[in-house]
Amino acid sequence: MLLLLAPALAGCFDNTYVKQDRADHREKVLKLTDHVGGTHECIVVNNRVWYAGQGPRLLVLEGRGGKPVKVEQAGPVGGTASVADLVMWRGDLVGVIDGDAVVRWDLSNPRSPAQIDRVDAKALGIRPRCLTVLGNELFIGGNGGVVRASDGHRFLPDAKDTGEVVTTSEGLACVSGRRVLRLEDGRFIGAASMLLPLPKDAGIPGGFAFLLQTKDGATVGTMGPDVRERSGQVVRGVYSRMRFAGGRLWIIGDGELATWLVRDGKLEDPIYAKVKGARDLAELTDNLFAMVGSYGRAVYHLRDDKEGSGDEFTDVQREPGRLERSIFDGRRVLAGSAEGVWLYPIRGKPTLSDKSVELTQLPETKVTLAWGTVTIDKGDGKPETPDELRAVLVDGPDGKARWSPPNGAWISTVVPVGADVWVGHAEGITVLRHVAVPVEPEDAATKGAKPKADADKPKPTLMLQEVGSLRLPGPIIWLHPLRTGNGVAWVSRFGGMGVAELLPDGEAPAKSTAASASPSS
């Protein structure tokens, strides 16, 4: 019966159809097409204007830190890490782009900073992490030593990490881990994780406030100019900043804020405040302080006054900064931590959600594609060789390959998108593509020789090509492939969320179909 019907069916089809190649062969570029949230890492208040570093952006705020007056991108979109530190120097604002560069803004118009200079890590000779101003000099600390900005001189070139620079009785010195090293020759002169010069009325001329961090707690107190402890007390927790503001010493950590008056070389009048995710603080008045962190930003009232009760946070502006769990339903990301849970419609506005994220999608560490299996390298397990999570390994029909991200960044996840593998790591996202290198053709000398057995024939070699990469505030913990298009929704532990896509150069991203989704849906 089927054979009888075949001639009749043949007449139903259009024999004039010409097969066409409808594949998009335009060159694709990896683009950051959306970015929301991110941790506020640092803050400076100058003449009542706030300058806060939030991820790759510089926020300019006034008053109680509500809606920004202006938002400056600290570097190229998709090519910039977090603004990690800010200082005032010679009337300008200077910031560190974490590990990448030092940027200088002119503040002739305080509400509209103008970027006037940028020096990359390669030119500095170090990966910059922090800034110190001593008198009229600016020092840049980081991985690989300390650089003096005025002449570019580099101190301690063998130091893995360096911090604040101070003037001691032994000369200029800096913190490196838990040690204080003299800049001139790297000689050990004391123990501290942080050092801060004491004000003149603190009772120790030329002395310092210090913090010595341990795994679960710290010693905080005062030192003389010889970097020897004069007084100290133990506090619980891990602290990331030490500041003098409002005539008081402050230490700022993820779980607690502590402050003291310093009199006669001793810490007095302690005040402790529980706070989740604090990173930095600056004085607004002698009783009001601008505070920023992974939760967002707020104003801290130290003591009771006519404006309200003491030990209280007001004017809170929440932002998705710390994201430790994440799930994705194809249209929306639900991600958060103990600091709050956020619902992010793809390319939409994130909103706080009353839902919890008890269950989370585990980041993929091993995926299989048509051209091979991609696994995050677990290293050799030896503590003296920190190679764990520092490379991806590929095993496929065309052979084996290995790829590592720049600067020894650790890798957190790999996901397949189309025929490519997307890698999330501590410094952003990289897209890798399989390339099989063909076998070299036979030359005239071997042509006509006896054919080789299949086992003896040379085989193609597997190589990995970097299709594109984005420098993002990391670490990028989750990459959720989008339902349509060639891209992912990415989630960073401290850098917010967003969308990255491979698009033809010059093409705008598709508009979100989920932006109007209800936060409670």
# chains A, B, ... in the order shown; residues from 1 in each chain; ligands from 1
call {"tool": "select_by_dssp", "arguments": {"residues": "segment 252-378 of chain A", "states": "strand (DSSP E or B)", "output": "mmCIF file with N, CA and C atoms, in the first residue's frame"}}
result
data_model
loop_
_atom_site.group_PDB
_atom_site.id
_atom_site.type_symbol
_atom_site.label_atom_id
_atom_site.label_comp_id
_atom_site.auth_asym_id
_atom_site.auth_seq_id
_atom_site.Cartn_x
_atom_site.Cartn_y
_atom_site.Cartn_z
ATOM 1 N N ILE A 252 35.988 46.720 61.486
ATOM 2 C CA ILE A 252 34.786 46.380 60.731
ATOM 3 C C ILE A 252 34.919 44.971 60.190
ATOM 4 N N GLY A 253 33.939 44.131 60.494
ATOM 5 C CA GLY A 253 33.964 42.751 60.029
ATOM 6 C C GLY A 253 32.616 42.325 59.491
ATOM 7 N N GLU A 256 30.426 41.730 62.925
ATOM 8 C CA GLU A 256 30.402 42.646 64.050
ATOM 9 C C GLU A 256 31.206 43.911 63.751
ATOM 10 N N LEU A 257 30.754 44.985 64.369
ATOM 11 C CA LEU A 257 31.408 46.276 64.308
ATOM 12 C C LEU A 257 31.819 46.638 65.737
ATOM 13 N N ALA A 258 33.046 47.094 65.942
ATOM 14 C CA ALA A 258 33.503 47.465 67.286
ATOM 15 C C ALA A 258 34.223 48.798 67.219
ATOM 16 N N THR A 259 34.043 49.624 68.249
ATOM 17 C CA THR A 259 34.664 50.943 68.270
ATOM 18 C C THR A 259 35.069 51.320 69.688
ATOM 19 N N TRP A 260 36.171 52.099 69.789
ATOM 20 C CA TRP A 260 36.698 52.540 71.076
ATOM 21 C C TRP A 260 37.200 53.977 70.962
ATOM 22 N N LEU A 261 37.228 54.652 72.106
ATOM 23 C CA LEU A 261 38.040 55.850 72.253
ATOM 24 C C LEU A 261 39.456 55.415 72.608
ATOM 25 N N VAL A 262 40.462 56.163 72.160
ATOM 26 C CA VAL A 262 41.846 55.856 72.516
ATOM 27 C C VAL A 262 42.355 56.981 73.411
ATOM 28 N N ARG A 263 42.606 56.650 74.684
ATOM 29 C CA ARG A 263 43.098 57.635 75.654
ATOM 30 C C ARG A 263 44.328 57.076 76.359
ATOM 31 N N LYS A 266 45.457 53.646 75.524
ATOM 32 C CA LYS A 266 44.622 52.475 75.788
ATOM 33 C C LYS A 266 43.253 52.632 75.129
ATOM 34 N N LEU A 267 42.595 51.497 74.883
ATOM 35 C CA LEU A 267 41.262 51.485 74.288
ATOM 36 C C LEU A 267 40.223 51.568 75.400
ATOM 37 N N GLU A 268 39.319 52.557 75.296
ATOM 38 C CA GLU A 268 38.300 52.772 76.320
ATOM 39 C C GLU A 268 36.934 52.948 75.672
ATOM 40 N N ASP A 269 35.876 52.870 76.497
ATOM 41 C CA ASP A 269 34.497 53.094 76.065
ATOM 42 C C ASP A 269 34.135 52.219 74.863
ATOM 43 N N PRO A 270 34.224 50.889 75.002
ATOM 44 C CA PRO A 270 33.923 50.013 73.857
ATOM 45 C C PRO A 270 32.428 49.997 73.526
ATOM 46 N N ILE A 271 32.141 49.932 72.243
ATOM 47 C CA ILE A 271 30.773 49.756 71.749
ATOM 48 C C ILE A 271 30.829 48.673 70.679
ATOM 49 N N TYR A 272 29.938 47.689 70.788
ATOM 50 C CA TYR A 272 29.899 46.587 69.832
ATOM 51 C C TYR A 272 28.522 46.565 69.168
ATOM 52 N N ALA A 273 28.492 46.330 67.878
ATOM 53 C CA ALA A 273 27.224 46.270 67.146
ATOM 54 C C ALA A 273 27.240 45.077 66.204
ATOM 55 N N LYS A 274 26.182 44.289 66.238
ATOM 56 C CA LYS A 274 26.038 43.185 65.298
ATOM 57 C C LYS A 274 25.611 43.737 63.939
ATOM 58 N N ALA A 278 29.326 44.021 56.807
ATOM 59 C CA ALA A 278 29.931 45.355 56.732
ATOM 60 C C ALA A 278 31.330 45.271 56.144
ATOM 61 N N ARG A 279 31.721 46.287 55.338
ATOM 62 C CA ARG A 279 33.042 46.317 54.713
ATOM 63 C C ARG A 279 33.814 47.603 54.996
ATOM 64 N N ASP A 280 33.123 48.749 55.155
ATOM 65 C CA ASP A 280 33.848 50.002 55.347
ATOM 66 C C ASP A 280 32.920 51.033 55.977
ATOM 67 N N LEU A 281 33.533 52.126 56.474
ATOM 68 C CA LEU A 281 32.800 53.145 57.222
ATOM 69 C C LEU A 281 33.488 54.487 57.056
ATOM 70 N N ALA A 282 32.696 55.570 57.047
ATOM 71 C CA ALA A 282 33.245 56.926 56.962
ATOM 72 C C ALA A 282 32.363 57.862 57.775
ATOM 73 N N GLU A 283 32.970 58.923 58.290
ATOM 74 C CA GLU A 283 32.276 59.862 59.168
ATOM 75 C C GLU A 283 31.400 60.833 58.379
ATOM 76 N N LEU A 288 27.016 60.284 63.315
ATOM 77 C CA LEU A 288 26.456 59.564 62.173
ATOM 78 C C LEU A 288 27.584 59.108 61.258
ATOM 79 N N PHE A 289 27.477 57.854 60.799
ATOM 80 C CA PHE A 289 28.542 57.265 59.988
ATOM 81 C C PHE A 289 27.946 56.538 58.788
ATOM 82 N N ALA A 290 28.508 56.811 57.633
ATOM 83 C CA ALA A 290 28.117 56.095 56.425
ATOM 84 C C ALA A 290 28.786 54.727 56.449
ATOM 85 N N MET A 291 27.978 53.690 56.265
ATOM 86 C CA MET A 291 28.529 52.337 56.308
ATOM 87 C C MET A 291 28.099 51.579 55.058
ATOM 88 N N VAL A 292 29.040 50.810 54.493
ATOM 89 C CA VAL A 292 28.751 50.039 53.290
ATOM 90 C C VAL A 292 29.193 48.591 53.489
ATOM 91 N N GLY A 293 28.644 47.707 52.644
ATOM 92 C CA GLY A 293 29.021 46.297 52.736
ATOM 93 C C GLY A 293 28.300 45.467 51.693
ATOM 94 N N GLY A 296 24.537 46.277 51.214
ATOM 95 C CA GLY A 296 24.166 47.545 50.600
ATOM 96 C C GLY A 296 24.849 48.697 51.319
ATOM 97 N N ARG A 297 24.078 49.704 51.691
ATOM 98 C CA ARG A 297 24.627 50.846 52.424
ATOM 99 C C ARG A 297 23.589 51.368 53.413
ATOM 100 N N ALA A 298 24.077 52.102 54.434
ATOM 101 C CA ALA A 298 23.192 52.591 55.478
ATOM 102 C C ALA A 298 23.895 53.679 56.262
ATOM 103 N N VAL A 299 23.163 54.299 57.178
ATOM 104 C CA VAL A 299 23.715 55.286 58.108
ATOM 105 C C VAL A 299 23.632 54.692 59.513
ATOM 106 N N TYR A 300 24.764 54.708 60.224
ATOM 107 C CA TYR A 300 24.824 54.168 61.579
ATOM 108 C C TYR A 300 24.809 55.305 62.594
ATOM 109 N N HIS A 301 23.858 55.232 63.538
ATOM 110 C CA HIS A 301 23.768 56.195 64.634
ATOM 111 C C HIS A 301 24.516 55.602 65.829
ATOM 112 N N ASP A 305 20.411 60.615 69.954
ATOM 113 C CA ASP A 305 20.386 62.056 69.745
ATOM 114 C C ASP A 305 18.983 62.439 69.289
ATOM 115 N N GLY A 308 17.318 60.201 66.640
ATOM 116 C CA GLY A 308 16.913 58.818 66.871
ATOM 117 C C GLY A 308 17.755 58.136 67.919
ATOM 118 N N GLU A 312 21.893 52.120 65.993
ATOM 119 C CA GLU A 312 20.791 51.834 65.081
ATOM 120 C C GLU A 312 21.185 52.197 63.653
ATOM 121 N N PHE A 313 20.708 51.408 62.702
ATOM 122 C CA PHE A 313 20.965 51.661 61.286
ATOM 123 C C PHE A 313 19.703 52.243 60.645
ATOM 124 N N THR A 314 19.871 53.331 59.920
ATOM 125 C CA THR A 314 18.742 53.938 59.208
ATOM 126 C C THR A 314 19.133 54.160 57.749
ATOM 127 N N ASP A 315 18.148 54.618 56.966
ATOM 128 C CA ASP A 315 18.387 54.955 55.553
ATOM 129 C C ASP A 315 19.060 53.806 54.808
ATOM 130 N N VAL A 316 18.583 52.602 55.069
ATOM 131 C CA VAL A 316 19.206 51.408 54.495
ATOM 132 C C VAL A 316 18.811 51.269 53.021
ATOM 133 N N GLN A 317 19.802 51.097 52.182
ATOM 134 C CA GLN A 317 19.598 50.823 50.754
ATOM 135 C C GLN A 317 20.138 49.427 50.471
ATOM 136 N N ARG A 318 19.220 48.472 50.257
ATOM 137 C CA ARG A 318 19.642 47.083 50.091
ATOM 138 C C ARG A 318 20.075 46.804 48.659
ATOM 139 N N ARG A 325 23.757 30.926 47.649
ATOM 140 C CA ARG A 325 22.921 29.838 47.137
ATOM 141 C C ARG A 325 22.152 30.373 45.936
ATOM 142 N N SER A 326 21.863 29.494 44.976
ATOM 143 C CA SER A 326 21.195 29.959 43.760
ATOM 144 C C SER A 326 20.425 28.828 43.097
ATOM 145 N N ILE A 327 19.217 29.154 42.604
ATOM 146 C CA ILE A 327 18.445 28.233 41.764
ATOM 147 C C ILE A 327 17.874 29.035 40.599
ATOM 148 N N PHE A 328 17.540 28.345 39.507
ATOM 149 C CA PHE A 328 17.126 29.009 38.265
ATOM 150 C C PHE A 328 16.025 28.185 37.624
ATOM 151 N N ARG A 332 13.907 33.129 35.878
ATOM 152 C CA ARG A 332 14.305 33.935 37.027
ATOM 153 C C ARG A 332 15.350 33.198 37.843
ATOM 154 N N VAL A 333 16.241 33.989 38.441
ATOM 155 C CA VAL A 333 17.221 33.467 39.388
ATOM 156 C C VAL A 333 16.744 33.829 40.790
ATOM 157 N N LEU A 334 16.773 32.869 41.686
ATOM 158 C CA LEU A 334 16.520 33.113 43.101
ATOM 159 C C LEU A 334 17.826 32.820 43.817
ATOM 160 N N ALA A 335 18.434 33.862 44.369
ATOM 161 C CA ALA A 335 19.770 33.699 44.960
ATOM 162 C C ALA A 335 19.865 34.541 46.222
ATOM 163 N N GLY A 336 20.665 34.076 47.175
ATOM 164 C CA GLY A 336 20.807 34.861 48.394
ATOM 165 C C GLY A 336 21.672 34.185 49.433
ATOM 166 N N SER A 337 21.576 34.712 50.648
ATOM 167 C CA SER A 337 22.358 34.241 51.782
ATOM 168 C C SER A 337 21.598 34.642 53.042
ATOM 169 N N GLY A 340 19.822 38.047 52.993
ATOM 170 C CA GLY A 340 18.619 38.297 52.201
ATOM 171 C C GLY A 340 18.598 37.457 50.938
ATOM 172 N N VAL A 341 17.381 37.214 50.438
ATOM 173 C CA VAL A 341 17.182 36.413 49.229
ATOM 174 C C VAL A 341 16.587 37.317 48.151
ATOM 175 N N TRP A 342 17.127 37.224 46.956
ATOM 176 C CA TRP A 342 16.753 38.115 45.863
ATOM 177 C C TRP A 342 16.184 37.335 44.684
ATOM 178 N N LEU A 343 15.098 37.872 44.109
ATOM 179 C CA LEU A 343 14.514 37.318 42.891
ATOM 180 C C LEU A 343 14.911 38.215 41.725
ATOM 181 N N TYR A 344 15.602 37.634 40.761
ATOM 182 C CA TYR A 344 16.123 38.398 39.625
ATOM 183 C C TYR A 344 15.517 37.881 38.324
ATOM 184 N N PRO A 345 14.496 38.597 37.776
ATOM 185 C CA PRO A 345 14.014 38.247 36.441
ATOM 186 C C PRO A 345 15.108 38.597 35.434
ATOM 187 N N THR A 351 14.474 42.034 43.298
ATOM 188 C CA THR A 351 13.672 42.439 44.441
ATOM 189 C C THR A 351 13.889 41.446 45.576
ATOM 190 N N LEU A 352 13.831 41.957 46.805
ATOM 191 C CA LEU A 352 13.913 41.074 47.966
ATOM 192 C C LEU A 352 12.714 40.142 47.983
ATOM 193 N N SER A 353 12.958 38.893 48.299
ATOM 194 C CA SER A 353 11.902 37.886 48.291
ATOM 195 C C SER A 353 11.747 37.294 49.684
ATOM 196 N N LYS A 366 31.921 18.989 36.335
ATOM 197 C CA LYS A 366 32.274 18.040 35.278
ATOM 198 C C LYS A 366 31.120 17.976 34.294
ATOM 199 N N VAL A 367 31.403 18.207 33.009
ATOM 200 C CA VAL A 367 30.370 18.165 31.979
ATOM 201 C C VAL A 367 30.900 17.405 30.774
ATOM 202 N N THR A 368 29.985 16.831 30.017
ATOM 203 C CA THR A 368 30.360 16.064 28.830
ATOM 204 C C THR A 368 29.726 16.694 27.602
ATOM 205 N N LEU A 369 30.548 16.979 26.602
ATOM 206 C CA LEU A 369 30.095 17.499 25.320
ATOM 207 C C LEU A 369 30.452 16.497 24.238
ATOM 208 N N GLY A 372 34.229 15.972 24.051
ATOM 209 C CA GLY A 372 35.030 15.525 25.178
ATOM 210 C C GLY A 372 34.388 15.803 26.523
ATOM 211 N N THR A 373 35.010 15.289 27.543
ATOM 212 C CA THR A 373 34.576 15.514 28.916
ATOM 213 C C THR A 373 35.472 16.578 29.554
ATOM 214 N N VAL A 374 34.841 17.593 30.148
ATOM 215 C CA VAL A 374 35.562 18.713 30.752
ATOM 216 C C VAL A 374 35.408 18.620 32.269
ATOM 217 N N THR A 375 36.550 18.615 32.974
ATOM 218 C CA THR A 375 36.552 18.458 34.425
ATOM 219 C C THR A 375 37.432 19.521 35.054
ATOM 220 N N ILE A 376 37.002 20.039 36.199
ATOM 221 C CA ILE A 376 37.861 20.957 36.952
ATOM 222 C C ILE A 376 38.916 20.134 37.672
#
call {"tool": "closest_residue", "arguments": {"among": "A:Asp34, A:Glu364, A:Asp377, A:Glu164", "to": "Thr132 of chain A", "atoms": "only C-alpha atoms"}}
result
A:Glu164
call {"tool": "atom_distance", "arguments": {"atom1": "atom CA of Glu184 of chain A", "atom2": "atom CA of Thr162 of chain A"}}
result
13.9 Å
call {"tool": "closest_residue", "arguments": {"among": "A:Arg493, A:Lys122, A:His40, A:Arg402", "to": "Met463 of chain A", "atoms": "only C-alpha atoms"}}
result
A:Arg402
call {"tool": "closest_residue", "arguments": {"among": "A:Asp311, A:Asp158, A:Asp98, A:Glu62", "to": "Ile140 of chain A", "atoms": "only C-alpha atoms"}}
result
A:Asp98
call {"tool": "atom_distance", "arguments": {"atom1": "atom CA of Asp216 of chain A", "atom2": "atom CA of Gly237 of chain A"}}
result
5.4 Å
call {"tool": "residues_around", "arguments": {"residues": "Gly125 of chain A", "least_positions_apart": "5", "cutoff": "12 Å", "atoms": "only C-alpha atoms", "output": "list in words"}}
result
Gly99, Asp100, Ala101, Val102, Val119, Asp120, Ile140, Gly141, Gly142, Asn143, Gly144, Gly145, Val146, Val147, Arg148, Ala149, Gly152, His153, Arg154, Phe155, Leu156, Pro157 and Asp158 of chain A
call {"tool": "select_by_dssp", "arguments": {"residues": "segment 8-239 of chain A", "states": "helix (DSSP H, G or I)", "output": "list of chain:residue names"}}
result
A:Ala8, A:Leu9, A:Ala10, A:Ala121, A:Lys122, A:Ala123, A:Leu124, A:Lys200, A:Asp201, A:Ala202
call {"tool": "write_last_selection", "arguments": {"atoms": "C-alpha atoms", "output": "mmCIF file, in the first residue's frame"}}
result
data_model
loop_
_atom_site.group_PDB
_atom_site.id
_atom_site.type_symbol
_atom_site.label_atom_id
_atom_site.label_comp_id
_atom_site.auth_asym_id
_atom_site.auth_seq_id
_atom_site.Cartn_x
_atom_site.Cartn_y
_atom_site.Cartn_z
ATOM 1 C CA ALA A 8 0.760 10.437 -5.325
ATOM 2 C CA LEU A 9 2.553 11.917 -2.322
ATOM 3 C CA ALA A 10 5.514 12.973 -4.455
ATOM 4 C CA ALA A 121 48.966 46.343 36.939
ATOM 5 C CA LYS A 122 51.509 45.587 34.210
ATOM 6 C CA ALA A 123 52.868 49.134 34.345
ATOM 7 C CA LEU A 124 52.858 49.145 38.158
ATOM 8 C CA LYS A 200 48.149 63.113 68.240
ATOM 9 C CA ASP A 201 45.897 63.124 71.338
ATOM 10 C CA ALA A 202 45.940 59.307 71.726
#
call {"tool": "atom_distance", "arguments": {"atom1": "atom CA of Leu389 of chain A", "atom2": "atom CA of Val421 of chain A"}}
result
16.1 Å
